[in-house]
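*Asks:* Structure: start14.txt, compact mmCIF, C-alpha atoms and all ligand atoms.
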# COMPACT_ATOMS: atom_id res chain seq x y z
CA MET A 1097 9.08 -4.85 -12.96
CA ARG A 1098 11.73 -7.35 -12.04
CA HIS A 1099 10.42 -10.82 -11.42
CA ALA A 1100 10.40 -12.02 -7.84
CA ALA A 1101 12.99 -14.63 -6.93
CA THR A 1102 11.65 -18.01 -5.88
CA GLY A 1103 12.50 -17.44 -2.24
CA PHE A 1104 14.18 -20.87 -1.96
CA ALA A 1105 17.93 -21.31 -1.80
CA ALA A 1106 20.51 -23.06 0.32
CA ASN A 1107 21.64 -21.19 3.41
CA SER A 1108 24.94 -22.33 4.88
CA GLY A 1109 24.19 -22.23 8.66
CA ALA A 1110 20.74 -23.69 8.30
CA THR A 1111 22.01 -26.24 5.76
CA LYS A 1112 24.52 -27.66 8.26
CA LEU A 1113 21.86 -27.96 10.93
CA ILE A 1114 19.45 -29.76 8.60
CA LEU A 1115 22.22 -32.14 7.48
CA VAL A 1116 23.02 -33.07 11.06
CA LEU A 1117 19.36 -33.67 11.88
CA PHE A 1118 18.34 -35.28 8.60
CA PRO A 1119 21.46 -36.73 6.90
CA GLN A 1120 19.30 -38.37 4.22
CA PHE A 1121 18.75 -34.92 2.71
CA ALA A 1122 22.45 -34.66 1.85
CA ARG A 1123 21.78 -36.94 -1.13
CA THR A 1124 20.19 -34.30 -3.24
CA GLY A 1125 21.06 -30.65 -3.18
CA ALA A 1126 17.87 -30.00 -5.08
CA ALA A 1127 15.76 -31.41 -2.26
CA LEU A 1128 17.55 -29.16 0.21
CA LYS A 1129 16.96 -26.12 -1.94
CA GLY A 1130 13.30 -26.95 -1.90
CA LEU A 1131 13.25 -27.42 1.86
CA ILE A 1132 15.04 -24.38 3.17
CA MET A 1133 13.35 -21.02 2.92
CA VAL A 1134 15.77 -18.12 2.88
CA GLN A 1135 14.36 -14.86 4.10
CA LEU A 1136 14.81 -12.07 1.58
CA ILE A 1137 15.03 -8.35 2.21
CA ASN A 1138 13.33 -7.70 -1.12
CA ALA A 1139 12.54 -9.84 -4.14
CA MET A 1140 16.22 -10.42 -4.91
CA THR A 1141 18.58 -10.36 -1.92
CA PRO A 1142 18.91 -12.66 1.11
CA LEU A 1143 18.17 -10.79 4.33
CA ASP A 1144 21.34 -11.94 6.11
CA GLU A 1145 23.54 -10.75 3.22
CA ALA A 1146 21.80 -7.39 3.12
CA ARG A 1147 22.07 -7.01 6.91
CA ALA A 1148 25.82 -7.66 6.75
CA VAL A 1149 26.24 -4.96 4.08
CA LEU A 1150 24.08 -2.49 6.01
CA ALA A 1151 26.05 -3.14 9.21
CA ASP A 1152 29.31 -2.49 7.33
CA SER A 1153 28.04 0.65 5.62
CA PHE A 1154 26.10 2.41 8.37
CA ASP A 1155 26.45 3.05 12.06
CA LEU A 1156 23.24 1.42 13.33
CA LYS A 1157 23.88 1.91 17.04
CA PHE A 1158 21.27 3.61 19.19
CA SER A 1159 23.69 6.35 20.24
CA SER A 1160 22.72 9.36 22.30
CA ALA A 1161 23.03 11.50 19.13
CA VAL A 1162 20.55 9.24 17.31
CA LYS A 1163 18.25 9.21 20.34
CA LYS A 1164 18.30 13.01 20.48
CA SER A 1165 17.77 13.57 16.77
CA THR A 1166 14.81 11.15 16.65
CA ALA A 1167 13.22 12.29 19.93
CA ASP A 1168 10.48 14.35 18.21
CA ILE A 1169 9.50 11.38 16.07
CA TYR A 1170 9.44 9.05 19.05
CA ASP A 1171 7.15 11.44 20.85
CA ARG A 1172 4.55 10.87 18.09
CA VAL A 1173 4.76 7.08 18.15
CA LYS A 1174 5.65 6.29 21.77
CA ASP A 1175 2.19 4.95 22.56
CA LYS A 1176 2.52 2.44 19.71
CA ILE A 1177 6.22 1.50 19.75
CA PRO A 1178 7.89 0.28 22.97
CA GLU A 1179 11.30 1.80 23.79
CA ILE A 1180 13.03 -1.52 23.29
CA GLU A 1181 11.84 -1.61 19.66
CA TRP A 1182 12.65 2.05 19.15
CA ALA A 1183 16.31 1.28 19.85
CA PHE A 1184 16.25 -0.81 16.66
CA TYR A 1185 14.16 1.61 14.54
CA ALA A 1186 15.75 4.95 15.50
CA PRO A 1187 19.20 4.33 13.91
CA LEU A 1188 17.52 3.13 10.69
CA ILE A 1189 15.31 6.23 10.64
CA PHE A 1190 18.34 8.45 11.26
CA GLN A 1191 20.32 6.88 8.40
CA ILE A 1192 17.37 6.85 5.96
CA ASN A 1193 16.68 10.54 6.53
CA ARG A 1194 20.36 11.33 6.02
CA LEU A 1195 20.66 9.20 2.87
CA LYS A 1196 17.44 10.60 1.43
CA LYS A 1197 19.04 14.04 1.22
CA LYS A 1198 22.31 12.70 -0.17
CA LYS A 1199 20.50 10.79 -2.93
CA ASP A 1200 18.00 13.57 -3.71
CA ALA A 1201 15.13 11.25 -2.83
CA VAL A 1202 11.60 11.74 -1.56
CA ILE A 1203 9.61 9.09 0.30
CA LEU A 1204 5.91 8.75 -0.54
CA ALA A 1205 4.09 6.57 1.98
CA HIS A 1206 0.57 5.21 2.00
CA ASN A 1207 -1.64 5.54 5.08
CA TYR A 1208 -1.32 1.77 5.67
CA GLN A 1209 2.44 1.92 6.30
CA THR A 1210 3.70 1.25 9.83
CA PRO A 1211 3.99 4.21 12.26
CA GLN A 1212 7.81 4.05 12.10
CA ILE A 1213 7.65 4.65 8.33
CA PHE A 1214 4.63 6.97 8.34
CA HIS A 1215 6.03 9.25 11.09
CA GLY A 1216 9.71 8.39 10.85
CA VAL A 1217 10.83 8.70 7.24
CA ALA A 1218 7.90 9.66 4.96
CA ASP A 1219 7.96 13.09 3.31
CA ILE A 1220 4.45 12.76 1.94
CA VAL A 1221 1.69 10.53 3.30
CA GLY A 1222 -1.83 9.98 2.01
CA ASP A 1223 -4.40 7.85 0.26
CA SER A 1224 -3.94 6.66 -3.33
CA LEU A 1225 -5.33 9.85 -4.83
CA GLN A 1226 -3.21 12.14 -2.65
CA LEU A 1227 -0.07 10.14 -3.43
CA ALA A 1228 -0.79 10.27 -7.18
CA VAL A 1229 -1.41 14.03 -7.05
CA GLU A 1230 1.73 14.60 -4.98
CA ALA A 1231 3.75 12.45 -7.38
CA THR A 1232 3.04 15.03 -10.11
CA LYS A 1233 4.74 17.74 -8.00
CA VAL A 1234 7.87 15.92 -6.89
CA GLU A 1235 11.12 17.82 -7.46
CA GLN A 1236 13.62 15.20 -6.30
CA GLN A 1237 15.22 12.84 -8.83
CA VAL A 1238 14.41 9.68 -6.86
CA ILE A 1239 11.04 8.54 -5.50
CA VAL A 1240 10.94 5.77 -2.90
CA GLN A 1241 7.41 4.39 -2.75
CA CYS A 1242 6.47 2.97 0.62
CA GLY A 1243 3.30 1.24 -0.48
CA VAL A 1244 2.40 -1.47 -2.94
CA HIS A 1245 3.62 -2.02 -6.47
CA PHE A 1246 0.72 -0.41 -8.33
CA MET A 1247 1.34 2.80 -6.35
CA ALA A 1248 4.99 2.82 -7.41
CA GLU A 1249 3.95 2.21 -11.02
CA THR A 1250 1.59 5.18 -10.82
CA SER A 1251 4.48 7.35 -9.60
CA LYS A 1252 6.61 6.08 -12.48
CA LEU A 1253 3.84 6.81 -15.02
CA LEU A 1254 3.69 10.38 -13.75
CA ASN A 1255 7.51 10.70 -13.61
CA PRO A 1256 8.90 8.53 -16.41
CA GLU A 1257 12.23 10.37 -16.35
CA LYS A 1258 12.78 9.83 -12.61
CA THR A 1259 14.04 6.81 -10.73
CA VAL A 1260 11.20 5.17 -8.82
CA LEU A 1261 12.17 2.60 -6.21
CA ILE A 1262 10.07 0.17 -4.22
CA PRO A 1263 11.80 -1.42 -1.20
CA ASP A 1264 10.25 -4.81 -2.03
CA SER A 1265 8.68 -5.43 -5.44
CA ARG A 1266 6.80 -8.42 -4.01
CA ALA A 1267 4.41 -5.91 -2.39
CA GLY A 1268 1.45 -6.71 -4.62
CA CYS A 1269 -2.31 -6.32 -4.26
CA SER A 1270 -5.08 -8.90 -4.70
CA LEU A 1271 -7.08 -6.39 -6.76
CA ALA A 1272 -4.20 -5.59 -9.10
CA SER A 1273 -3.52 -9.27 -9.69
CA SER A 1274 -7.19 -10.08 -10.34
CA ILE A 1275 -7.36 -8.62 -13.85
CA THR A 1276 -5.25 -8.32 -17.02
CA ALA A 1277 -5.35 -5.96 -19.99
CA GLU A 1278 -6.78 -8.84 -22.07
CA ASP A 1279 -9.65 -9.21 -19.60
CA VAL A 1280 -10.45 -5.52 -20.00
CA LEU A 1281 -10.39 -5.74 -23.80
CA ALA A 1282 -12.78 -8.71 -23.63
CA MET A 1283 -15.16 -6.63 -21.47
CA ARG A 1284 -14.95 -3.76 -23.92
CA ALA A 1285 -15.92 -6.15 -26.74
CA GLN A 1286 -18.83 -7.45 -24.66
CA TYR A 1287 -20.13 -3.95 -23.77
CA PRO A 1288 -19.20 -1.81 -26.78
CA GLY A 1289 -19.22 1.93 -26.10
CA ALA A 1290 -19.33 1.64 -22.30
CA PRO A 1291 -16.51 3.73 -20.76
CA VAL A 1292 -14.02 1.87 -18.59
CA VAL A 1293 -13.41 3.35 -15.14
CA THR A 1294 -10.51 1.52 -13.53
CA TYR A 1295 -9.53 1.57 -9.88
CA VAL A 1296 -5.90 2.66 -9.47
CA ASN A 1297 -5.29 -0.69 -7.74
CA THR A 1298 -4.35 -2.19 -11.13
CA SER A 1299 -1.25 -2.70 -13.26
CA ALA A 1300 -0.03 -0.07 -15.72
CA ALA A 1301 -1.02 -2.46 -18.55
CA VAL A 1302 -4.64 -2.44 -17.35
CA LYS A 1303 -4.59 1.33 -16.94
CA ALA A 1304 -3.38 1.61 -20.55
CA VAL A 1305 -6.65 0.11 -21.84
CA THR A 1306 -8.76 2.28 -19.55
CA ASP A 1307 -10.65 5.52 -20.20
CA VAL A 1308 -10.14 6.99 -16.75
CA CYS A 1309 -8.88 5.79 -13.38
CA CYS A 1310 -10.55 6.31 -10.04
CA THR A 1311 -9.67 5.83 -6.38
CA SER A 1312 -11.97 5.14 -3.47
CA SER A 1313 -12.11 8.88 -2.77
CA ASN A 1314 -13.46 9.94 -6.18
CA ALA A 1315 -15.13 6.78 -7.58
CA LEU A 1316 -18.72 8.08 -7.49
CA ASP A 1317 -17.75 11.44 -8.93
CA ILE A 1318 -15.78 9.89 -11.80
CA VAL A 1319 -18.58 7.42 -12.63
CA ASN A 1320 -21.11 10.27 -12.73
CA ARG A 1321 -18.85 12.39 -14.94
CA VAL A 1322 -18.02 9.87 -17.68
CA GLU A 1323 -20.25 9.78 -20.76
CA GLY A 1324 -23.14 7.31 -21.02
CA ASP A 1325 -25.61 5.49 -18.79
CA GLU A 1326 -23.63 2.26 -18.63
CA VAL A 1327 -20.13 2.16 -17.09
CA ILE A 1328 -17.60 -0.65 -16.78
CA MET A 1329 -16.09 -0.24 -13.31
CA ILE A 1330 -13.23 -2.62 -12.54
CA PRO A 1331 -11.80 -4.62 -10.83
CA ASP A 1332 -13.26 -4.25 -7.32
CA GLN A 1333 -16.76 -5.72 -7.24
CA TYR A 1334 -17.44 -4.22 -3.81
CA LEU A 1335 -16.28 -0.70 -4.59
CA ALA A 1336 -18.43 -0.99 -7.73
CA GLN A 1337 -21.48 -2.22 -5.79
CA ASN A 1338 -21.02 0.46 -3.14
CA THR A 1339 -20.79 3.10 -5.87
CA ALA A 1340 -23.78 1.67 -7.78
CA LYS A 1341 -26.01 2.40 -4.76
CA HIS A 1342 -25.46 6.14 -5.24
CA THR A 1343 -25.67 6.57 -9.00
CA LYS A 1344 -28.40 6.16 -11.61
CA LYS A 1345 -25.90 4.63 -14.02
CA LYS A 1346 -25.75 0.91 -14.69
CA ILE A 1347 -22.46 -0.45 -13.36
CA ILE A 1348 -20.83 -3.49 -14.92
CA THR A 1349 -18.04 -4.88 -12.77
CA TRP A 1350 -15.42 -7.60 -12.33
CA ALA A 1351 -15.07 -10.28 -9.65
CA GLY A 1352 -11.97 -8.76 -8.00
CA ALA A 1353 -11.76 -8.07 -4.26
CA CYS A 1354 -9.33 -6.77 -1.69
CA GLU A 1355 -8.20 -9.71 0.41
CA VAL A 1356 -8.00 -7.45 3.48
CA HIS A 1357 -11.48 -5.92 3.28
CA GLU A 1358 -13.54 -8.70 1.68
CA THR A 1359 -13.36 -10.78 4.87
CA PHE A 1360 -15.34 -8.29 6.97
CA THR A 1361 -19.01 -9.23 7.37
CA ALA A 1362 -22.19 -7.62 8.67
CA ALA A 1363 -22.01 -10.11 11.57
CA ASP A 1364 -18.56 -8.69 12.47
CA ILE A 1365 -20.04 -5.20 12.64
CA ALA A 1366 -22.91 -6.45 14.82
CA GLU A 1367 -20.37 -8.10 17.14
CA LEU A 1368 -18.30 -4.92 17.31
CA ARG A 1369 -21.41 -2.89 18.16
CA ALA A 1370 -22.29 -5.32 20.94
CA ALA A 1371 -18.71 -5.39 22.27
CA TYR A 1372 -18.15 -1.62 22.09
CA PRO A 1373 -21.46 0.15 22.72
CA ASN A 1374 -21.34 3.93 22.13
CA SER A 1375 -18.47 3.63 19.66
CA LYS A 1376 -18.53 4.79 16.04
CA ILE A 1377 -17.63 2.27 13.36
CA ILE A 1378 -16.20 3.41 10.04
CA ALA A 1379 -15.11 1.31 7.06
CA HIS A 1380 -13.29 1.42 3.73
CA PRO A 1381 -15.50 1.05 0.61
CA GLU A 1382 -13.56 -2.05 -0.47
CA CYS A 1383 -15.69 -3.85 2.17
CA PRO A 1384 -18.81 -5.73 0.99
CA PRO A 1385 -22.00 -3.60 0.74
CA GLU A 1386 -23.65 -5.20 3.80
CA VAL A 1387 -20.69 -3.98 5.87
CA ILE A 1388 -20.89 -0.47 4.45
CA ASP A 1389 -24.67 -0.44 5.14
CA ALA A 1390 -24.00 -1.29 8.79
CA VAL A 1391 -21.34 1.34 9.59
CA ASP A 1392 -21.50 5.03 10.51
CA PHE A 1393 -19.21 6.30 7.76
CA SER A 1394 -17.37 4.97 4.75
CA GLY A 1395 -14.60 6.58 2.72
CA SER A 1396 -11.07 6.34 1.39
CA THR A 1397 -8.25 6.04 3.91
CA ALA A 1398 -7.77 9.84 3.84
CA ALA A 1399 -11.52 10.42 4.18
CA MET A 1400 -11.63 8.08 7.20
CA ILE A 1401 -8.76 9.98 8.82
CA ASN A 1402 -10.45 13.33 8.15
CA TRP A 1403 -13.73 12.02 9.52
CA VAL A 1404 -12.10 10.98 12.81
CA LYS A 1405 -10.23 14.29 13.10
CA THR A 1406 -13.39 16.28 12.44
CA GLU A 1407 -15.95 14.22 14.37
CA LYS A 1408 -13.60 13.32 17.24
CA PRO A 1409 -15.71 10.37 18.45
CA ALA A 1410 -14.85 9.23 21.98
CA LYS A 1411 -14.43 5.68 20.66
CA VAL A 1412 -13.97 4.53 17.08
CA VAL A 1413 -13.36 1.28 15.25
CA MET A 1414 -11.66 1.64 11.85
CA VAL A 1415 -12.69 -1.36 9.78
CA THR A 1416 -9.68 -1.39 7.50
CA GLU A 1417 -5.91 -1.99 7.70
CA CYS A 1418 -4.50 -1.94 11.24
CA SER A 1419 -1.86 0.78 10.81
CA MET A 1420 -4.50 3.42 10.10
CA SER A 1421 -5.49 4.00 13.70
CA ASP A 1422 -1.89 3.60 14.93
CA ASN A 1423 -0.78 6.35 12.56
CA ILE A 1424 -3.32 8.95 13.58
CA ALA A 1425 -3.59 8.14 17.28
CA SER A 1426 -1.00 10.80 18.19
CA GLU A 1427 -2.82 13.44 16.12
CA THR A 1428 -6.25 12.77 17.64
CA THR A 1429 -6.08 13.01 21.40
CA GLY A 1430 -9.31 12.15 23.16
CA VAL A 1431 -10.24 9.45 20.63
CA ASP A 1432 -10.02 5.84 21.77
CA PHE A 1433 -9.19 3.54 18.82
CA LEU A 1434 -10.64 0.08 19.28
CA ARG A 1435 -9.38 -2.92 17.32
CA GLY A 1436 -11.43 -4.29 14.44
CA CYS A 1437 -8.85 -4.33 11.69
CA ASN A 1438 -6.91 -6.64 9.36
CA ILE A 1439 -3.25 -6.52 8.27
CA CYS A 1440 -2.41 -6.11 4.57
CA PRO A 1441 0.51 -8.52 4.06
CA HIS A 1442 1.58 -6.63 0.92
CA MET A 1443 1.83 -3.25 2.62
CA LYS A 1444 3.73 -4.91 5.45
CA ARG A 1445 6.48 -6.10 3.10
CA ILE A 1446 7.87 -2.58 3.36
CA ASN A 1447 9.96 -1.95 6.47
CA LEU A 1448 12.74 0.38 7.61
CA GLU A 1449 15.47 -2.11 6.78
CA ASN A 1450 14.42 -2.50 3.17
CA VAL A 1451 13.85 1.24 2.79
CA LEU A 1452 17.48 1.82 3.81
CA TRP A 1453 18.60 -1.03 1.58
CA SER A 1454 16.60 0.40 -1.32
CA LEU A 1455 18.24 3.83 -1.00
CA HIS A 1456 21.70 2.36 -0.44
CA THR A 1457 21.58 0.04 -3.46
CA MET A 1458 19.05 1.97 -5.56
CA THR A 1459 16.90 -1.15 -5.83
CA GLU A 1460 14.30 -2.28 -6.75
CA GLU A 1461 13.74 0.07 -9.63
CA VAL A 1462 10.16 0.17 -10.96
CA LEU A 1463 10.07 0.17 -14.73
CA VAL A 1464 7.07 0.44 -17.02
CA ASP A 1465 7.10 -0.58 -20.69
CA PRO A 1466 7.55 2.76 -22.53
CA ALA A 1467 4.99 1.59 -25.13
CA ILE A 1468 2.18 1.66 -22.56
CA ILE A 1469 3.23 4.73 -20.57
CA PRO A 1470 1.34 7.37 -22.63
CA ALA A 1471 -2.04 5.59 -22.49
CA ALA A 1472 -1.71 4.51 -18.83
CA ARG A 1473 -0.52 7.95 -17.79
CA ALA A 1474 -3.41 9.61 -19.65
CA ALA A 1475 -5.93 7.52 -17.67
CA VAL A 1476 -4.36 8.64 -14.36
CA GLU A 1477 -4.06 12.27 -15.46
CA ARG A 1478 -7.71 12.32 -16.60
CA MET A 1479 -8.68 11.20 -13.10
CA ILE A 1480 -6.56 13.89 -11.45
CA GLU A 1481 -8.04 16.53 -13.75
CA MET A 1482 -11.62 15.36 -13.16
CA SER A 1483 -11.02 15.27 -9.39
CA LYS A 1484 -9.84 18.90 -9.45
CA LYS A 1485 -13.07 19.94 -11.21
CA GLY A 1486 -14.99 18.15 -8.47
CA ASP A 1487 -13.46 20.29 -5.71
P1 LIG B 1 -7.08 4.44 -0.49
O1 LIG B 1 -7.03 5.05 -1.84
O2 LIG B 1 -8.38 4.67 0.21
O3 LIG B 1 -5.91 4.87 0.32
O4 LIG B 1 -7.01 2.85 -0.65
C1 LIG B 1 -5.93 2.17 -1.13
C2 LIG B 1 -5.96 0.77 -0.75
O5 LIG B 1 -5.21 -0.04 -1.21
C3 LIG B 1 -6.98 0.38 0.20
O6 LIG B 1 -6.96 -0.95 0.42
FE1 LIG B 2 -4.55 -4.26 -2.14
FE2 LIG B 2 -6.28 -4.62 -0.18
FE3 LIG B 2 -3.70 -4.46 0.41
FE4 LIG B 2 -5.06 -2.29 -0.39
S1 LIG B 2 -5.37 -3.43 1.46
S2 LIG B 2 -3.06 -2.95 -1.11
S3 LIG B 2 -6.49 -3.19 -1.87
S4 LIG B 2 -4.69 -6.06 -0.83
Is it possible to give me this structure as structure tokens?
Ligand code: 13P
Ligand code: SF4
*Replies:*
Amino acid sequence: MRHAATGFAANSGATKLILVLFPQFARTGAALKGLIMVQLINAMTPLDEARAVLADSFDLKFSSAVKKSTADIYDRVKDKIPEIEWAFYAPLIFQINRLKKKKDAVILAHNYQTPQIFHGVADIVGDSLQLAVEATKVEQQVIVQCGVHFMAETSKLLNPEKTVLIPDSRAGCSLASSITAEDVLAMRAQYPGAPVVTYVNTSAAVKAVTDVCCTSSNALDIVNRVEGDEVIMIPDQYLAQNTAKHTKKKIITWAGACEVHETFTAADIAELRAAYPNSKIIAHPECPPEVIDAVDFSGSTAAMINWVKTEKPAKVVMVTECSMSDNIASETTGVDFLRGCNICPHMKRINLENVLWSLHTMTEEVLVDPAIIPAARAAVERMIEMSKKGD
């Protein structure tokens, strides 16, 4: 992975303005650099520079041809995206879809991506398990991962010979950053012989010291299938606690949490029930156990989508990331989606502009240390194999 730039640099237009307003800052360039935040399109490139290159390289006008060729897509998202915004998105979608073919690229997008990505440019959408499984079948030479960094790393592990791009490598995850490979080795030393089941929301280095990975859709099954009565399940304490309630095995966990789901409380669910009587409330298993105990269904993002499509509740609250209900609203007529969600700031680092930039410049490439690929890949492949047996 390339390291993220600091995000601070001088910007000529803004610099002049600051100097006029606060001439004392002219004394030290260093102070100015610390004061002015330049917006970046990804971890490396200033947004204004990238926009100038994109404007020179692509026709980004909302022409009648663009309007016509994106009309089907707009039909799916029109309840979520006003026409005025569509005029900005449609040309980007048109150019991304064209460039994708030219560059022999496929776009894998997580269920938490915005509707304009999910419906507009993604070739494959799904939860973490589905995206990992689909990554093993990809025929194109280039994978653009619209999701967070650990997802792109998983695609790279499964396709070491292909080019894997992430539109912004700063798209992290609070779970992935909560634990290191050294932490896992220390746990192994503390609980000798206990198998390590690691949530895919971790770095490749952590996966490399793991026995088998899991996702929220197969966690219980994987825990029940590994050898022994004691299992180390890391790094999500809540997924581990929610799994522990359904297995006889002793679960040892780590103090990691998803910053998006850990903030939901049982009191929030009680408030939602009072505010929206007769609605169903469903939640992701990264929520604390008292939240899961209070809801009508819990499952991975794909399981939540399937539940809504099958049960077709008249009203539903999806206690998870906000794009989930936006993405499936057009596929589930007759279901009223009520708000009770949080935004994942990491998922939202990916947008149409940086997807186009990523394909145009072939950045940012996701690289994994070749020394750890075999062990990390084996942990993911074991999970995929064990999930197939569970079908
Ligand atoms: P899913 O595997 O359920 O899609 O979850 C991924 C994730 O990051 C949820 O926060
Ligand atoms: Fe990570 Fe939570 Fe964002 Fe998922 S929603 S990517 S677990 S921070």
*Asks:* A:Asn1255, A:Thr1416, A:Ser1394, A:Thr1276: which is nearest ligand LIG 2 (chain B), counting only C-alpha atoms and all ligand atoms?
*Replies:*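 Comparing A:Asn1255, A:Thr1416, A:Ser1394, A:Thr1276 against ligand LIG 2 (chain B), the winner is A:Thr1416.
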*Asks:* Using all atoms listed in the file and a cutoff of 6 Å, can you tell me which residues are near (14.8, 9.8, -6.7) in the file's coordinates, and write them out as a list in words?
*Replies:* Asp1200, Ala1201, Gln1236, Gln1237, Val1238, Ile1239 and Thr1259 of chain A
*Asks:* I need the residue nearest A:Ile1446 from this list: A:Ala1183, A:Val1319, A:Val1244, A:Ala1472. Use all atoms listed in the file for the distance.
*Replies:* A:Val1244
*Asks:* Pull the neighbourhood of (-9.4, 0.5, -18.1) for me: all residues within 12 Å in file coordinates, counting all atoms listed in the file, as a ChimeraX atom specification.
*Replies:* /A:1275-1284,1290-1310,1327-1331,1349-1350,1471-1476,1479
*Asks:* Go ahead and dump the residues you just picked, C-alpha atoms, as a compact mmCIF listing (two decimals), in the coordinates of the input.
*Replies:*
# COMPACT_ATOMS: atom_id res chain seq x y z
CA ILE A 1275 -7.36 -8.62 -13.85
CA THR A 1276 -5.25 -8.32 -17.02
CA ALA A 1277 -5.35 -5.96 -19.99
CA GLU A 1278 -6.78 -8.84 -22.07
CA ASP A 1279 -9.65 -9.21 -19.60
CA VAL A 1280 -10.45 -5.52 -20.00
CA LEU A 1281 -10.39 -5.74 -23.80
CA ALA A 1282 -12.78 -8.71 -23.63
CA MET A 1283 -15.16 -6.63 -21.47
CA ARG A 1284 -14.95 -3.76 -23.92
CA ALA A 1290 -19.33 1.64 -22.30
CA PRO A 1291 -16.51 3.73 -20.76
CA VAL A 1292 -14.02 1.87 -18.59
CA VAL A 1293 -13.41 3.35 -15.14
CA THR A 1294 -10.51 1.52 -13.53
CA TYR A 1295 -9.53 1.57 -9.88
CA VAL A 1296 -5.90 2.66 -9.47
CA ASN A 1297 -5.29 -0.69 -7.74
CA THR A 1298 -4.35 -2.19 -11.13
CA SER A 1299 -1.25 -2.70 -13.26
CA ALA A 1300 -0.03 -0.07 -15.72
CA ALA A 1301 -1.02 -2.46 -18.55
CA VAL A 1302 -4.64 -2.44 -17.35
CA LYS A 1303 -4.59 1.33 -16.94
CA ALA A 1304 -3.38 1.61 -20.55
CA VAL A 1305 -6.65 0.11 -21.84
CA THR A 1306 -8.76 2.28 -19.55
CA ASP A 1307 -10.65 5.52 -20.20
CA VAL A 1308 -10.14 6.99 -16.75
CA CYS A 1309 -8.88 5.79 -13.38
CA CYS A 1310 -10.55 6.31 -10.04
CA VAL A 1327 -20.13 2.16 -17.09
CA ILE A 1328 -17.60 -0.65 -16.78
CA MET A 1329 -16.09 -0.24 -13.31
CA ILE A 1330 -13.23 -2.62 -12.54
CA PRO A 1331 -11.80 -4.62 -10.83
CA THR A 1349 -18.04 -4.88 -12.77
CA TRP A 1350 -15.42 -7.60 -12.33
CA ALA A 1471 -2.04 5.59 -22.49
CA ALA A 1472 -1.71 4.51 -18.83
CA ARG A 1473 -0.52 7.95 -17.79
CA ALA A 1474 -3.41 9.61 -19.65
CA ALA A 1475 -5.93 7.52 -17.67
CA VAL A 1476 -4.36 8.64 -14.36
CA MET A 1479 -8.68 11.20 -13.10
*Asks:* Which residues are near stretch 1377-1383 of chain A? Cut-off 6 Å, only C-alpha atoms, ignore same chain within fewer than 2 positions. Put them as a list in words.
*Replies:* Tyr1334, Leu1335, His1357, Glu1358, Val1391, Asp1392, Phe1393, Ser1394, Gly1395, Ser1396, Val1412, Val1413, Met1414, Val1415 and Thr1416 of chain A
*Asks:* For chain A versus ligand LIG 2 (chain B), which residues have an atom no more than 6 Å away, and what is each residue's nearest atom pair and distance in Å rounded to one decimal, using all atoms listed in the file, chain-then-number order, as CSV?
*Replies:*
residue,atom,partner,partner_atom,distance
A:Val1244,CA,B:LIG2,S2,5.9
A:Cys1269,CA,B:LIG2,FE1,3.7
A:Ser1270,CA,B:LIG2,S4,4.8
A:Leu1271,CA,B:LIG2,FE1,5.7
A:Cys1354,CA,B:LIG2,FE2,4.0
A:Glu1355,CA,B:LIG2,S4,5.2
A:Val1356,CA,B:LIG2,FE2,4.9
A:Cys1440,CA,B:LIG2,FE3,4.7
A:His1442,CA,B:LIG2,FE3,5.7
*Asks:* Just how far from atom CA of A:Asn1423 is atom CA of A:Ile1480, in Å to one decimal?
*Replies:*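 If I compute the distance from atom CA of A:Ile1480 to atom CA of A:Asn1423, I get 25.8 Å.
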*Asks:* What are the nearest atom pairs, with distances in Å to one decimal, for all residues of chain A that come at most 6 Å from ligand LIG 1 (chain B), using only C-alpha atoms and all ligand atoms, set out by chain and rising residue number as a Markdown table?
*Replies:*
| residue | atom | partner | partner_atom | distance |
| --- | --- | --- | --- | --- |
| A:Asp1223 | CA | B:LIG1 | O3 | 3.3 |
| A:Ser1224 | CA | B:LIG1 | O1 | 3.8 |
| A:Leu1225 | CA | B:LIG1 | O1 | 5.9 |
| A:Thr1311 | CA | B:LIG1 | O1 | 5.3 |
| A:Ser1312 | CA | B:LIG1 | O2 | 5.2 |
| A:Ser1396 | CA | B:LIG1 | O2 | 3.4 |
| A:Thr1397 | CA | B:LIG1 | O2 | 3.9 |
*Asks:* Kindly give the distance, in Å, that separates atom CA of A:Thr1428 and atom CA of A:Lys1376, rounded to a single decimal.
*Replies:*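 These atoms are spaced 14.7 Å apart.
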*Asks:* Point out the residue among A:Asp1317, A:Pro1385, A:Thr1141, A:Gly1352 with the least atom-to-atom distance to A:Glu1481, counting all atoms listed in the file.
*Replies:*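 Among the listed residues, A:Asp1317 lies closest to A:Glu1481.
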*Asks:* Any chance you could model N, CA and C atoms for stretch 1320-1324 of chain A and send them as a tab-separated table (two decimals), in the frame of the given file?
*Replies:*
chain	number	residue	atom	x	y	z
A	1320	ASN	N	-20.05	9.33	-12.31
A	1320	ASN	CA	-21.11	10.27	-12.73
A	1320	ASN	C	-20.64	11.19	-13.85
A	1321	ARG	N	-19.34	11.45	-13.94
A	1321	ARG	CA	-18.85	12.39	-14.94
A	1321	ARG	C	-18.57	11.77	-16.30
A	1322	VAL	N	-18.31	10.45	-16.36
A	1322	VAL	CA	-18.02	9.87	-17.68
A	1322	VAL	C	-19.31	9.81	-18.51
A	1323	GLU	N	-19.12	9.79	-19.83
A	1323	GLU	CA	-20.25	9.78	-20.76
A	1323	GLU	C	-21.04	8.46	-20.65
A	1324	GLY	N	-22.34	8.52	-20.87
A	1324	GLY	CA	-23.14	7.31	-21.02
A	1324	GLY	C	-23.81	6.84	-19.74
